[in-house]
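Source file target23.txt; content: compact mmCIF, C-alpha atoms.
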# COMPACT_ATOMS: atom_id res chain seq x y z
CA MET A 22 0.00 0.00 0.00
CA VAL A 23 0.86 3.66 -0.21
CA GLN A 24 -0.40 6.71 1.62
CA THR A 25 -1.60 9.71 -0.36
CA SER A 26 -1.17 13.33 0.70
CA ASN A 27 -4.63 13.35 2.27
CA GLY A 28 -3.74 10.37 4.45
CA ALA A 29 -5.62 7.65 2.56
CA LEU A 30 -4.09 4.17 2.40
CA CYS A 31 -4.34 2.93 -1.17
CA GLY A 32 -3.62 -0.43 -2.71
CA THR A 33 -4.81 -3.04 -5.14
CA THR A 34 -6.68 -6.31 -4.87
CA SER A 35 -6.02 -8.97 -7.47
CA GLU A 36 -9.57 -10.28 -7.21
CA GLY A 37 -12.93 -8.75 -6.42
CA GLY A 38 -14.69 -5.79 -7.92
CA ILE A 39 -17.42 -5.70 -10.54
CA ALA A 40 -15.79 -8.29 -12.80
CA ASN A 41 -13.80 -10.05 -10.10
CA GLU A 42 -10.70 -8.93 -11.96
CA GLY A 43 -9.24 -6.77 -9.26
CA THR A 44 -9.62 -3.25 -7.91
CA VAL A 45 -7.84 -0.16 -6.71
CA PHE A 46 -9.00 0.79 -3.24
CA CYS A 47 -8.31 3.50 -0.73
CA ALA A 48 -8.94 3.13 2.97
CA SER A 49 -8.98 5.53 5.85
CA THR A 50 -6.64 4.76 8.72
CA SER A 51 -9.68 3.63 10.68
CA GLY A 52 -10.51 1.06 8.05
CA GLY A 53 -13.32 2.40 5.84
CA VAL A 54 -12.56 1.08 2.37
CA ASN A 55 -13.66 2.69 -0.91
CA THR A 56 -13.20 0.97 -4.23
CA LEU A 57 -11.88 3.58 -6.65
CA TYR A 58 -11.67 1.44 -9.72
CA ASP A 59 -12.84 -1.97 -10.94
CA PHE A 60 -10.67 -3.59 -13.61
CA GLN A 61 -12.60 -5.08 -16.56
CA TYR A 62 -10.55 -6.23 -19.53
CA GLU A 63 -13.80 -6.96 -21.40
CA ASN A 64 -14.01 -3.25 -22.25
CA GLY A 65 -11.20 -3.84 -24.72
CA THR A 66 -8.40 -1.80 -23.25
CA ASP A 67 -8.39 -2.40 -19.52
CA GLY A 68 -5.95 -4.47 -17.55
CA TYR A 69 -6.75 -6.94 -14.84
CA ASP A 70 -5.13 -8.75 -11.94
CA PRO A 71 -2.94 -6.09 -10.33
CA VAL A 72 -0.52 -7.56 -7.81
CA ALA A 73 1.97 -4.76 -7.30
CA PRO A 74 1.88 -1.90 -4.82
CA LEU A 75 0.96 1.53 -6.16
CA LEU A 76 3.11 4.63 -6.48
CA VAL A 77 1.84 8.06 -5.43
CA GLY A 78 2.50 10.81 -7.94
CA LYS A 79 4.30 14.05 -7.23
CA ASP A 80 0.88 15.69 -6.83
CA GLY A 81 0.29 13.48 -3.78
CA GLU A 82 -2.88 12.18 -5.38
CA THR A 83 -2.41 10.33 -8.67
CA LEU A 84 -1.84 6.60 -8.25
CA TYR A 85 0.44 4.82 -10.70
CA GLY A 86 0.34 1.06 -10.99
CA THR A 87 0.46 -2.03 -13.13
CA THR A 88 -1.66 -5.07 -13.86
CA ILE A 89 -0.18 -8.42 -14.81
CA PHE A 90 -2.74 -9.14 -17.53
CA GLY A 91 -5.11 -7.42 -19.91
CA GLY A 92 -4.71 -4.42 -22.12
CA VAL A 93 -5.37 -3.73 -25.75
CA ASN A 94 -2.96 -6.41 -26.94
CA GLY A 95 -5.11 -9.45 -26.39
CA GLY A 96 -7.71 -8.84 -23.70
CA SER A 97 -7.51 -11.79 -21.33
CA ALA A 98 -4.22 -12.78 -22.96
CA GLY A 99 -2.88 -9.25 -22.85
CA GLY A 100 0.37 -8.77 -21.03
CA GLY A 101 -0.79 -6.12 -18.61
CA ILE A 102 -0.81 -2.35 -18.44
CA VAL A 103 0.72 0.65 -16.73
CA PHE A 104 -2.01 2.96 -15.49
CA ALA A 105 -2.52 6.31 -13.83
CA LEU A 106 -5.59 6.73 -11.65
CA LYS A 107 -6.55 10.21 -10.50
CA GLY A 108 -9.67 10.15 -8.40
CA ARG A 109 -11.76 7.64 -10.31
CA THR A 110 -10.40 8.59 -13.73
CA MET A 111 -8.33 5.84 -15.29
CA LYS A 112 -5.69 6.53 -17.90
CA ILE A 113 -3.85 3.64 -19.49
CA LEU A 114 -0.28 4.73 -20.09
CA HIS A 115 1.03 1.60 -21.76
CA ALA A 116 -0.18 -1.84 -22.78
CA PHE A 117 2.32 -4.69 -22.77
CA ASP A 118 2.48 -7.38 -25.44
CA ASN A 119 0.37 -10.50 -25.71
CA VAL A 120 1.53 -13.15 -23.26
CA GLU A 121 1.57 -15.79 -25.99
CA SER A 122 4.21 -13.95 -27.96
CA THR A 123 7.58 -15.67 -28.26
CA ALA A 124 9.04 -12.93 -30.44
CA PRO A 125 12.11 -11.12 -29.19
CA GLY A 126 11.26 -7.52 -28.38
CA THR A 127 7.94 -8.32 -26.75
CA TYR A 128 7.50 -7.84 -23.02
CA TYR A 129 4.72 -8.64 -20.55
CA ASN A 130 3.52 -9.37 -17.01
CA PRO A 131 4.72 -6.53 -14.77
CA GLU A 132 4.58 -7.77 -11.19
CA SER A 133 6.35 -4.99 -9.36
CA ALA A 134 5.69 -1.48 -8.17
CA LEU A 135 6.81 1.49 -10.24
CA ILE A 136 9.33 4.03 -8.97
CA PHE A 137 10.25 7.53 -10.05
CA GLY A 138 13.63 8.02 -11.67
CA ALA A 139 15.62 11.20 -11.21
CA ASP A 140 14.49 12.11 -14.75
CA GLY A 141 10.84 12.05 -13.67
CA LYS A 142 10.08 8.88 -15.61
CA LEU A 143 8.34 5.87 -14.13
CA TYR A 144 10.60 2.81 -13.96
CA GLY A 145 9.44 -0.76 -13.54
CA THR A 146 10.07 -4.37 -14.44
CA THR A 147 8.18 -7.07 -16.29
CA TYR A 148 8.51 -10.65 -15.17
CA SER A 149 8.42 -12.13 -18.64
CA SER A 150 8.97 -11.42 -22.30
CA GLY A 151 8.91 -13.06 -25.70
CA SER A 152 12.33 -14.47 -25.12
CA GLY A 153 11.51 -15.33 -21.54
CA GLY A 154 13.40 -13.18 -19.08
CA GLY A 155 11.50 -9.93 -18.61
CA CYS A 156 12.81 -6.39 -18.72
CA ILE A 157 13.36 -3.05 -17.05
CA PHE A 158 11.20 -0.39 -18.70
CA SER A 159 10.50 3.29 -18.28
CA LEU A 160 7.97 5.82 -19.50
CA TYR A 161 6.84 9.32 -18.70
CA THR A 162 3.79 9.86 -16.52
CA ASN A 163 1.78 10.94 -19.58
CA GLY A 164 2.52 7.62 -21.28
CA THR A 165 5.08 8.87 -23.76
CA GLY A 166 8.73 7.88 -24.00
CA PHE A 167 8.24 4.16 -23.37
CA LYS A 168 11.61 2.49 -23.47
CA ILE A 169 13.08 -0.92 -22.71
CA ASN A 170 16.05 -0.05 -20.51
CA HIS A 171 17.27 -3.59 -20.10
CA ASP A 172 16.26 -6.91 -21.65
CA PHE A 173 16.99 -9.75 -19.25
CA ASN A 174 17.74 -12.01 -22.18
CA ALA A 175 20.66 -9.89 -23.25
CA ASP A 176 22.90 -12.38 -21.46
CA SER A 177 22.48 -15.80 -23.01
CA SER A 178 24.65 -17.68 -20.50
CA SER A 179 23.03 -20.40 -18.45
CA ASN A 180 23.25 -18.20 -15.37
CA ALA A 181 21.56 -15.30 -17.09
CA PRO A 182 19.66 -13.10 -14.62
CA ALA A 183 15.98 -13.42 -15.45
CA ASN A 184 12.43 -12.88 -14.30
CA PRO A 185 12.29 -10.02 -11.81
CA VAL A 186 9.36 -10.24 -9.43
CA ALA A 187 10.79 -7.26 -7.61
CA GLY A 188 10.86 -3.66 -8.68
CA LEU A 189 13.65 -1.15 -8.42
CA VAL A 190 14.87 1.24 -5.78
CA LEU A 191 16.58 4.52 -6.61
CA ALA A 192 19.47 4.88 -4.19
CA ARG A 193 21.20 8.06 -3.11
CA ASP A 194 24.11 7.29 -5.44
CA GLY A 195 21.76 7.75 -8.41
CA MET A 196 21.80 4.07 -9.25
CA MET A 197 18.82 1.75 -9.31
CA TYR A 198 19.03 -1.64 -7.65
CA GLY A 199 16.93 -4.75 -7.97
CA THR A 200 16.76 -8.51 -7.88
CA THR A 201 15.76 -11.28 -10.25
CA LEU A 202 14.02 -14.46 -9.18
CA PHE A 203 16.33 -16.61 -11.31
CA GLY A 204 19.85 -16.36 -12.65
CA TYR A 205 22.17 -18.30 -10.38
CA LEU A 206 22.11 -22.07 -10.73
CA GLU A 207 23.24 -23.92 -7.67
CA GLN A 208 23.42 -27.69 -7.82
CA THR A 209 23.59 -28.14 -4.04
CA TYR A 210 20.15 -26.71 -3.66
CA GLY A 211 18.80 -27.81 -7.02
CA LEU A 212 17.65 -24.25 -7.38
CA ASP A 213 17.89 -21.32 -9.71
CA ASN A 214 18.46 -18.78 -7.01
CA GLY A 215 18.36 -15.26 -8.37
CA ILE A 216 20.78 -12.34 -8.30
CA ALA A 217 21.05 -8.70 -7.28
CA TYR A 218 21.84 -6.11 -9.93
CA SER A 219 22.34 -2.43 -10.45
CA TYR A 220 21.04 -0.33 -13.29
CA ASP A 221 22.54 3.06 -14.03
CA PRO A 222 19.82 5.08 -15.76
CA ALA A 223 22.20 7.89 -16.68
CA ASN A 224 24.49 5.59 -18.66
CA ASN A 225 22.04 2.79 -19.46
CA ARG A 226 24.36 0.29 -17.81
CA PHE A 227 23.25 -2.96 -16.23
CA GLU A 228 25.57 -4.76 -13.85
CA ARG A 229 25.24 -8.08 -12.08
CA LEU A 230 26.26 -7.43 -8.49
CA ALA A 231 25.85 -10.55 -6.41
CA ASP A 232 24.39 -14.03 -6.57
CA PHE A 233 21.90 -15.41 -4.10
CA LYS A 234 23.80 -18.47 -2.99
CA GLY A 235 21.67 -20.95 -1.11
CA THR A 236 23.47 -20.32 2.16
CA VAL A 237 22.53 -16.65 1.83
CA GLY A 238 18.98 -17.12 0.62
CA ALA A 239 17.23 -17.80 -2.66
CA ALA A 240 14.30 -16.65 -4.74
CA PRO A 241 14.23 -12.94 -3.89
CA ARG A 242 10.76 -11.53 -4.57
CA ALA A 243 10.96 -8.13 -2.95
CA ALA A 244 12.48 -4.83 -3.90
CA LEU A 245 15.62 -3.80 -2.09
CA ILE A 246 15.45 -0.79 0.19
CA GLU A 247 18.19 1.64 1.15
CA GLY A 248 18.69 1.83 4.88
CA THR A 249 19.61 4.97 6.75
CA ASP A 250 23.09 3.43 6.98
CA LYS A 251 23.13 3.47 3.14
CA TYR A 252 23.34 -0.28 2.88
CA LEU A 253 20.77 -2.02 0.73
CA TYR A 254 18.48 -4.44 2.50
CA GLY A 255 16.34 -7.13 0.97
CA THR A 256 14.65 -10.42 1.58
CA ALA A 257 15.11 -13.87 0.10
CA SER A 258 11.94 -15.96 0.19
CA ALA A 259 13.64 -19.34 0.51
CA TYR A 260 16.71 -21.12 1.82
CA GLY A 261 19.48 -19.21 3.56
CA GLY A 262 20.59 -22.04 5.81
CA ASN A 263 24.10 -23.33 6.24
CA ASN A 264 23.11 -26.61 4.60
CA PRO A 265 20.27 -27.41 2.22
CA SER A 266 18.51 -29.84 4.58
CA GLY A 267 18.79 -27.76 7.76
CA GLU A 268 15.90 -26.05 9.45
CA ALA A 269 17.09 -22.49 8.93
CA ASN A 270 15.96 -22.44 5.31
CA GLY A 271 12.88 -20.28 5.56
CA GLY A 272 14.41 -17.37 3.68
CA SER A 273 16.52 -14.53 4.99
CA VAL A 274 17.12 -10.84 5.36
CA VAL A 275 20.16 -9.82 3.37
CA ARG A 276 22.33 -6.73 3.19
CA LEU A 277 24.30 -5.49 0.22
CA PHE A 278 27.30 -3.16 0.19
CA ASN A 279 26.99 0.56 0.56
CA PRO A 280 26.31 1.96 -2.89
CA LEU A 281 27.87 5.30 -2.06
CA THR A 282 31.23 3.72 -1.34
CA LYS A 283 31.21 1.47 -4.37
CA MET B 24 15.93 -27.75 19.68
CA SER B 25 15.12 -25.54 16.77
CA PHE B 26 14.69 -22.63 19.16
CA LEU B 27 18.18 -23.21 20.50
CA ARG B 28 19.67 -23.26 17.03
CA PHE B 29 17.74 -20.16 16.12
CA THR B 30 19.05 -18.29 19.13
CA LEU B 31 22.62 -19.26 18.43
CA ALA B 32 22.26 -18.21 14.83
CA ALA B 33 20.85 -14.86 15.87
CA ILE B 34 23.79 -14.26 18.16
CA SER B 35 26.37 -15.13 15.56
CA PHE B 36 24.73 -12.89 12.96
CA SER B 37 24.52 -10.11 15.45
CA ALA B 38 28.27 -10.39 15.73
CA LEU B 39 28.52 -10.29 11.96
CA VAL B 40 26.58 -7.06 11.86
CA MET B 41 28.92 -5.50 14.39
CA THR B 42 31.79 -5.98 11.96
CA ALA B 43 29.83 -4.71 8.98
CA ALA B 44 31.49 -1.31 8.97
CA ARG B 45 34.77 -2.99 8.08
CA ILE B 46 33.44 -4.63 4.94
CA PRO B 47 35.64 -3.11 2.25
CA ALA B 48 34.17 -1.01 -0.51
CA ASN B 49 33.62 -2.93 -3.72
CA ALA B 50 32.76 -6.05 -1.77
CA GLU B 51 29.85 -6.87 -4.00
CA THR B 52 28.57 -9.52 -1.73
CA LEU B 53 25.30 -10.37 -0.11
CA HIS B 54 25.51 -10.79 3.63
CA VAL B 55 22.94 -12.63 5.67
CA VAL B 56 21.55 -10.46 8.43
CA HIS B 57 18.93 -12.93 9.59
CA ARG B 58 17.97 -16.49 8.71
CA PHE B 59 14.36 -17.59 9.03
CA ILE B 60 13.49 -21.10 10.14
CA THR B 61 11.68 -23.22 7.58
CA GLY B 62 7.93 -22.88 8.12
CA TYR B 63 7.31 -26.60 8.32
CA ALA B 64 10.34 -27.28 10.50
CA SER B 65 9.96 -29.75 13.33
CA PRO B 66 8.49 -29.21 15.87
CA THR B 67 5.63 -27.67 13.95
CA PRO B 68 4.67 -25.00 13.65
CA ALA B 69 7.86 -22.99 13.75
CA PRO B 70 7.04 -20.23 16.22
CA PHE B 71 9.00 -17.82 14.08
CA GLY B 72 8.16 -16.30 10.77
CA SER B 73 9.23 -17.96 7.57
CA THR B 74 9.40 -17.16 3.88
CA PRO B 75 9.49 -13.37 3.53
CA TYR B 76 7.93 -12.30 0.22
CA ALA B 77 7.86 -8.57 0.79
CA GLU B 78 10.26 -5.68 0.88
CA LEU B 79 11.34 -4.34 4.23
CA LEU B 80 10.33 -1.02 5.73
CA GLN B 81 12.74 1.02 7.81
CA ALA B 82 10.53 2.94 10.20
CA SER B 83 11.27 6.35 11.67
CA ASN B 84 12.57 4.67 14.84
CA GLY B 85 15.35 3.07 12.78
CA ASN B 86 14.06 -0.48 13.08
CA PHE B 87 13.16 -2.60 10.08
CA TYR B 88 9.71 -4.14 9.80
CA GLY B 89 8.44 -6.81 7.48
CA THR B 90 6.11 -9.72 6.95
CA THR B 91 6.63 -13.41 6.43
CA ALA B 92 4.17 -15.32 4.28
CA ILE B 93 4.10 -18.34 6.58
CA GLY B 94 5.44 -19.37 9.95
CA GLY B 95 4.37 -18.11 13.34
CA THR B 96 2.17 -19.71 15.95
CA GLY B 97 -1.08 -19.76 13.93
CA LYS B 98 -1.57 -23.30 12.70
CA CYS B 99 -2.56 -22.70 9.09
CA THR B 100 -1.87 -25.76 6.96
CA GLY B 101 -0.51 -26.07 3.46
CA GLY B 102 -3.79 -27.18 1.88
CA PRO B 103 -6.63 -29.23 3.38
CA SER B 104 -4.40 -32.13 4.41
CA GLY B 105 -1.04 -30.43 4.23
CA PRO B 106 1.48 -29.93 7.02
CA VAL B 107 1.17 -27.08 9.49
CA GLN B 108 3.10 -24.16 8.02
CA GLY B 109 1.86 -21.20 10.03
CA CYS B 110 -0.38 -18.31 8.97
CA GLY B 111 2.42 -15.75 8.65
CA THR B 112 3.86 -13.03 10.84
CA VAL B 113 4.84 -9.40 11.21
CA PHE B 114 8.40 -9.03 12.45
CA ARG B 115 10.78 -6.33 13.61
CA MET B 116 14.51 -6.35 12.96
CA THR B 117 16.84 -3.99 14.79
CA PRO B 118 19.65 -2.32 12.83
CA GLN B 119 21.90 -4.86 14.55
CA GLY B 120 19.96 -7.69 12.96
CA MET B 121 17.99 -9.03 15.93
CA VAL B 122 14.59 -10.23 14.78
CA THR B 123 11.47 -10.34 16.97
CA THR B 124 8.11 -11.70 15.89
CA LEU B 125 5.65 -8.89 16.65
CA TYR B 126 2.49 -10.65 15.55
CA SER B 127 1.49 -14.12 14.44
CA PHE B 128 -1.71 -14.31 12.44
CA PRO B 129 -3.92 -16.60 14.54
CA PHE B 130 -5.70 -19.75 13.43
CA ASN B 131 -9.12 -20.69 14.80
CA ALA B 132 -8.73 -24.44 15.08
CA SER B 133 -12.38 -25.17 15.87
CA LYS B 134 -13.60 -23.36 12.75
CA GLY B 135 -10.56 -23.89 10.57
CA THR B 136 -10.31 -20.18 9.85
CA ALA B 137 -7.74 -17.39 10.00
CA PRO B 138 -10.01 -14.52 11.07
CA ASN B 139 -7.42 -11.72 11.15
CA GLY B 140 -5.74 -12.63 7.89
CA ALA B 141 -3.14 -15.08 6.67
CA TYR B 142 -0.18 -15.35 4.33
CA PRO B 143 0.85 -11.67 4.07
CA LYS B 144 2.88 -11.21 0.92
CA ALA B 145 3.05 -7.43 0.79
CA GLY B 146 5.28 -5.08 2.71
CA LEU B 147 4.28 -2.67 5.44
CA ILE B 148 4.11 1.09 5.19
CA GLN B 149 4.44 3.61 7.98
CA GLY B 150 1.56 6.05 8.05
CA LYS B 151 1.90 9.71 8.88
CA ASP B 152 0.43 8.73 12.27
CA GLY B 153 3.42 6.46 12.94
CA TYR B 154 1.48 3.21 12.74
CA LEU B 155 2.44 0.45 10.35
CA TYR B 156 -0.20 -0.63 7.85
CA GLY B 157 -0.32 -3.78 5.81
CA VAL B 158 -2.49 -6.27 4.00
CA ALA B 159 -2.74 -10.04 4.28
CA SER B 160 -3.46 -11.91 1.06
CA ASP B 161 -5.63 -14.58 2.67
CA GLY B 162 -7.80 -15.13 5.74
CA GLY B 163 -10.57 -12.88 7.00
CA LEU B 164 -13.95 -13.42 5.37
CA LEU B 165 -14.47 -16.65 3.47
CA GLY B 166 -15.48 -16.40 -0.15
CA CYS B 167 -12.55 -15.80 -2.49
CA ASN B 168 -9.93 -18.01 -4.04
CA GLY B 169 -7.81 -17.83 -0.92
CA GLN B 170 -7.46 -20.91 1.23
CA TYR B 171 -8.86 -19.08 4.26
CA GLY B 172 -10.54 -16.07 2.73
CA CYS B 173 -10.33 -12.77 0.88
CA GLY B 174 -7.58 -11.05 2.83
CA THR B 175 -7.47 -8.24 5.36
CA LEU B 176 -6.16 -4.74 6.00
CA PHE B 177 -4.48 -4.29 9.35
CA ARG B 178 -2.57 -1.85 11.50
CA VAL B 179 0.23 -2.70 13.86
CA SER B 180 2.09 -0.36 16.17
CA THR B 181 5.88 -0.35 16.12
CA ALA B 182 5.64 -2.18 19.45
CA GLY B 183 3.40 -4.86 17.96
CA ALA B 184 -0.18 -3.91 18.99
CA PHE B 185 -2.38 -5.35 16.23
CA THR B 186 -5.69 -3.94 15.01
CA ILE B 187 -7.80 -5.39 12.21
CA LEU B 188 -9.12 -2.55 10.04
CA HIS B 189 -10.95 -4.26 7.20
CA LYS B 190 -11.82 -7.68 5.89
CA PHE B 191 -11.97 -7.78 2.12
CA CYS B 192 -14.89 -9.42 0.36
CA SER B 193 -15.34 -10.34 -3.29
CA VAL B 194 -18.47 -9.54 -5.29
CA TYR B 195 -19.89 -12.77 -4.01
CA VAL B 196 -21.34 -13.25 -0.57
CA CYS B 197 -18.65 -13.53 2.04
CA GLN B 198 -19.13 -15.60 5.14
CA ASN B 199 -18.09 -14.28 8.50
CA SER B 200 -15.24 -16.45 9.64
CA THR B 201 -14.66 -15.06 13.11
Re-express the file's structure as structure tokens.
Amino acid sequence: MVQTSNGALCGTTSEGGIANEGTVFCASTSGGVNTLYDFQYENGTDGYDPVAPLLVGKDGETLYGTTIFGGVNGGSAGGGIVFALKGRTMKILHAFDNVESTAPGTYYNPESALIFGADGKLYGTTYSSGSGGGCIFSLYTNGTGFKINHDFNADSSSNAPANPVAGLVLARDGMMYGTTLFGYLEQTYGLDNGIAYSYDPANNRFERLADFKGTVGAAPRAALIEGTDKYLYGTASAYGGNNPSGEANGGSVVRLFNPLTK
Amino acid sequence: MSFLRFTLAAISFSALVMTAARIPANAETLHVVHRFITGYASPTPAPFGSTPYAELLQASNGNFYGTTAIGGTGKCTGGPSGPVQGCGTVFRMTPQGMVTTLYSFPFNASKGTAPNGAYPKAGLIQGKDGYLYGVASDGGLLGCNGQYGCGTLFRVSTAGAFTILHKFCSVYVCQNST
């Protein structure tokens, strides 16, 4: 959830609403919930099934978000949308490609929250794409300037970072940081564990930073955050124990180096 | 036994955190700050949280707060005949890496329900009033695709006082599960 300038707590539900295709809601801090928007892909352009948190615009009011599915490129098989919701007025900023596409250069299924870049653009990730690995994308808040900043299939090695469930964080060093669900094969755990990366929006440079080894944790699903100590903190949803069959394998909290001293 | 191991692990990682300032720059390495016990660890259920899906929140008091999708003392099961895995938790982690379970989503064994929510997969936010707010993806009112319900909206103080704010309901009739 997010809190708008008037104090409302706003989020999404992946089910429910008029078509049972998900909603955007805002609640008061005492719990009264208002549905602001009901997703209905049947109208031809709408998305459905939002799973990511929202982002509050600079005006303190507009809510920016994504849906995994829907949009003009296929209806129920559409690859999701980026939307802006002001009050109850919905504006679709971008529609991702049809989820059945296997063509390179097609991208779909955003699962993460958007963030603002220093350039004022919205930045986000898609979990999947025609060639399988998802992407980092950006666009302006009026829907123009859509760009694929990084294609996770650019690296064709077997340990290629792929499929970000998590979104990005803009750190104080100007870099963006994130994780992918897959990208580090580890035989001991029989897992494809995921990695942490940086993306430099100023120079369009992607860098693999660290691998989620099973003893550290695997399958990161959450965005990293920057602590007040300037370290990056994240979670791994699985493993993290000293051996693969031990009990301490319920995931972990991890810390990454200080970006400002890098 | 698992509690003992957990405690020892927490102590050793606390020590690790104390040395963190000496990690050289360019050490592009992930360091474990806290390890969660597997949700279905023996003895079940693990009293601690397990399987964090969500991003952390660093609150204004400097502590980190988060959710775990399973684990805790609520005896939710993995499916109708699955093992006890816990209904999920809200936890606090100090900057030194010490983790405390602030809230375990409870399970009503006689009704087979999770009235306050279950399986939180989203992170917390800190409201302007200082409280932490979150949603649970399951539990609450019965009637959606969730194992135990449609999910809930809750508030928790930084000290762990839990208040249920809303129980979500789909377009279909929801049954009161409390």
- Message: Set the cut-off to 8 Å and count only C-alpha atoms: what are the residues of chain A that reach chain B? Output as a ChimeraX atom specification.
- Response: /A:22-24,28,36-39,41,50-54,74,230-233,237-238,241-246,248-249,254-262,268-279,282-283
- Task: Excluding range 121-133 of chain A and any residue of its chain fewer than 2 positions from it, enumerate the residues within 9 Å of it, using only C-alpha atoms, and give them as a PyMOL selection string.
- Result: chain A and resi 71-74+86-90+98-103+116-119+135+145-156+169+172+185-189+243-244
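When all atoms listed in the file are used to measure the gap to Leu75 in chain A, the shortest distance among A:Gly32, A:Asp59, A:Ser26, A:Lys107 belongs to A:Gly32.
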Surrounding residues of Phe104 in chain A excluding itself and chain neighbours under 5 positions, 6 Å, all atoms listed in the file, as an mmCIF file with C-alpha atoms, in the frame of the given file:
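Everything below was put into selection_17.cif:
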data_model
loop_
_atom_site.group_PDB
_atom_site.id
_atom_site.type_symbol
_atom_site.label_atom_id
_atom_site.label_comp_id
_atom_site.auth_asym_id
_atom_site.auth_seq_id
_atom_site.Cartn_x
_atom_site.Cartn_y
_atom_site.Cartn_z
ATOM 1 C CA TYR A 85 0.440 4.820 -10.700
ATOM 2 C CA GLY A 86 0.340 1.060 -10.990
ATOM 3 C CA LYS A 112 -5.690 6.530 -17.900
ATOM 4 C CA ILE A 113 -3.850 3.640 -19.490
ATOM 5 C CA LEU A 114 -0.280 4.730 -20.090
#
- Query: So how far away is CA of Lys79 in chain A from CA of Asn224 in chain A, in Å?
  - Reply: 24.7 Å
- Message: If I take CA of Pro138 in chain B and CA of Leu165 in chain B, how far is one from the other in Å, to one decimal?
- Response: 9.1 Å
- Query: To one decimal place, how far is CA of Phe158 in chain A from CA of Ala183 in chain A in Å?
  - Reply: 14.3 Å
- Message: Around the point (-11.3, -3.6, -16.7) (coordinates from the file), which residues reach within 9 Å if we count all atoms listed in the file? Answer as a PyMOL selection string.
- Response: chain A and resi 39-40+42-44+58-69+91-92
With C-alpha atoms retained, could you export that selection as a JSON list (two decimals), keeping the file's coordinate frame?
[["chain", "number", "residue", "atom", "x", "y", "z"],
["A", 39, "ILE", "CA", -17.42, -5.70, -10.54],
["A", 40, "ALA", "CA", -15.79, -8.29, -12.80],
["A", 42, "GLU", "CA", -10.70, -8.93, -11.96],
["A", 43, "GLY", "CA", -9.24, -6.77, -9.26],
["A", 44, "THR", "CA", -9.62, -3.25, -7.91],
["A", 58, "TYR", "CA", -11.67, 1.44, -9.72],
["A", 59, "ASP", "CA", -12.84, -1.97, -10.94],
["A", 60, "PHE", "CA", -10.67, -3.59, -13.61],
["A", 61, "GLN", "CA", -12.60, -5.08, -16.56],
["A", 62, "TYR", "CA", -10.55, -6.23, -19.53],
["A", 63, "GLU", "CA", -13.80, -6.96, -21.40],
["A", 64, "ASN", "CA", -14.01, -3.25, -22.25],
["A", 65, "GLY", "CA", -11.20, -3.84, -24.72],
["A", 66, "THR", "CA", -8.40, -1.80, -23.25],
["A", 67, "ASP", "CA", -8.39, -2.40, -19.52],
["A", 68, "GLY", "CA", -5.95, -4.47, -17.55],
["A", 69, "TYR", "CA", -6.75, -6.94, -14.84],
["A", 91, "GLY", "CA", -5.11, -7.42, -19.91],
["A", 92, "GLY", "CA", -4.71, -4.42, -22.12]]
- Pick from B:Gly162, B:Lys98, B:Leu155, B:Arg115 nearest to Ser133 in chain B, counting only C-alpha atoms: B:Lys98
Would you write out, as a tab-separated table, a table of all residues in range 76-183 of chain A that have an atom no more than 7 Å from an atom of range 198-214 of chain A, listing for each the closest atom pair and the distance in Å to one decimal, considering all atoms listed in the file and ordering rows by chain and rising residue number?
residue	atom	partner	partner_atom	distance
A:Asn180	CA	A:Gly204	CA	4.7
A:Ala181	CA	A:Gly204	CA	4.9
A:Pro182	CA	A:Gly204	CA	3.8
A:Ala183	CA	A:Phe203	CA	5.2
Output as a compact mmCIF listing (two decimals), in the frame of the given file: range 184-192 of chain A, completed with N, CA and C atoms.
# COMPACT_ATOMS: atom_id res chain seq x y z
N ASN A 184 13.72 -12.82 -14.97
CA ASN A 184 12.43 -12.88 -14.30
C ASN A 184 12.39 -12.13 -12.97
N PRO A 185 12.42 -10.80 -13.04
CA PRO A 185 12.29 -10.02 -11.81
C PRO A 185 10.84 -10.00 -11.32
N VAL A 186 10.64 -10.46 -10.11
CA VAL A 186 9.36 -10.24 -9.43
C VAL A 186 9.41 -8.88 -8.75
N ALA A 187 10.59 -8.49 -8.37
CA ALA A 187 10.79 -7.26 -7.61
C ALA A 187 10.96 -6.05 -8.52
N GLY A 188 10.61 -4.92 -8.01
CA GLY A 188 10.86 -3.66 -8.68
C GLY A 188 12.21 -3.09 -8.30
N LEU A 189 12.37 -1.82 -8.60
CA LEU A 189 13.65 -1.15 -8.42
C LEU A 189 13.59 -0.22 -7.22
N VAL A 190 14.77 0.15 -6.75
CA VAL A 190 14.87 1.24 -5.78
C VAL A 190 15.91 2.22 -6.32
N LEU A 191 15.62 3.49 -6.22
CA LEU A 191 16.58 4.52 -6.61
C LEU A 191 17.36 4.91 -5.36
N ALA A 192 18.66 4.60 -5.36
CA ALA A 192 19.47 4.88 -4.19
C ALA A 192 20.07 6.27 -4.28
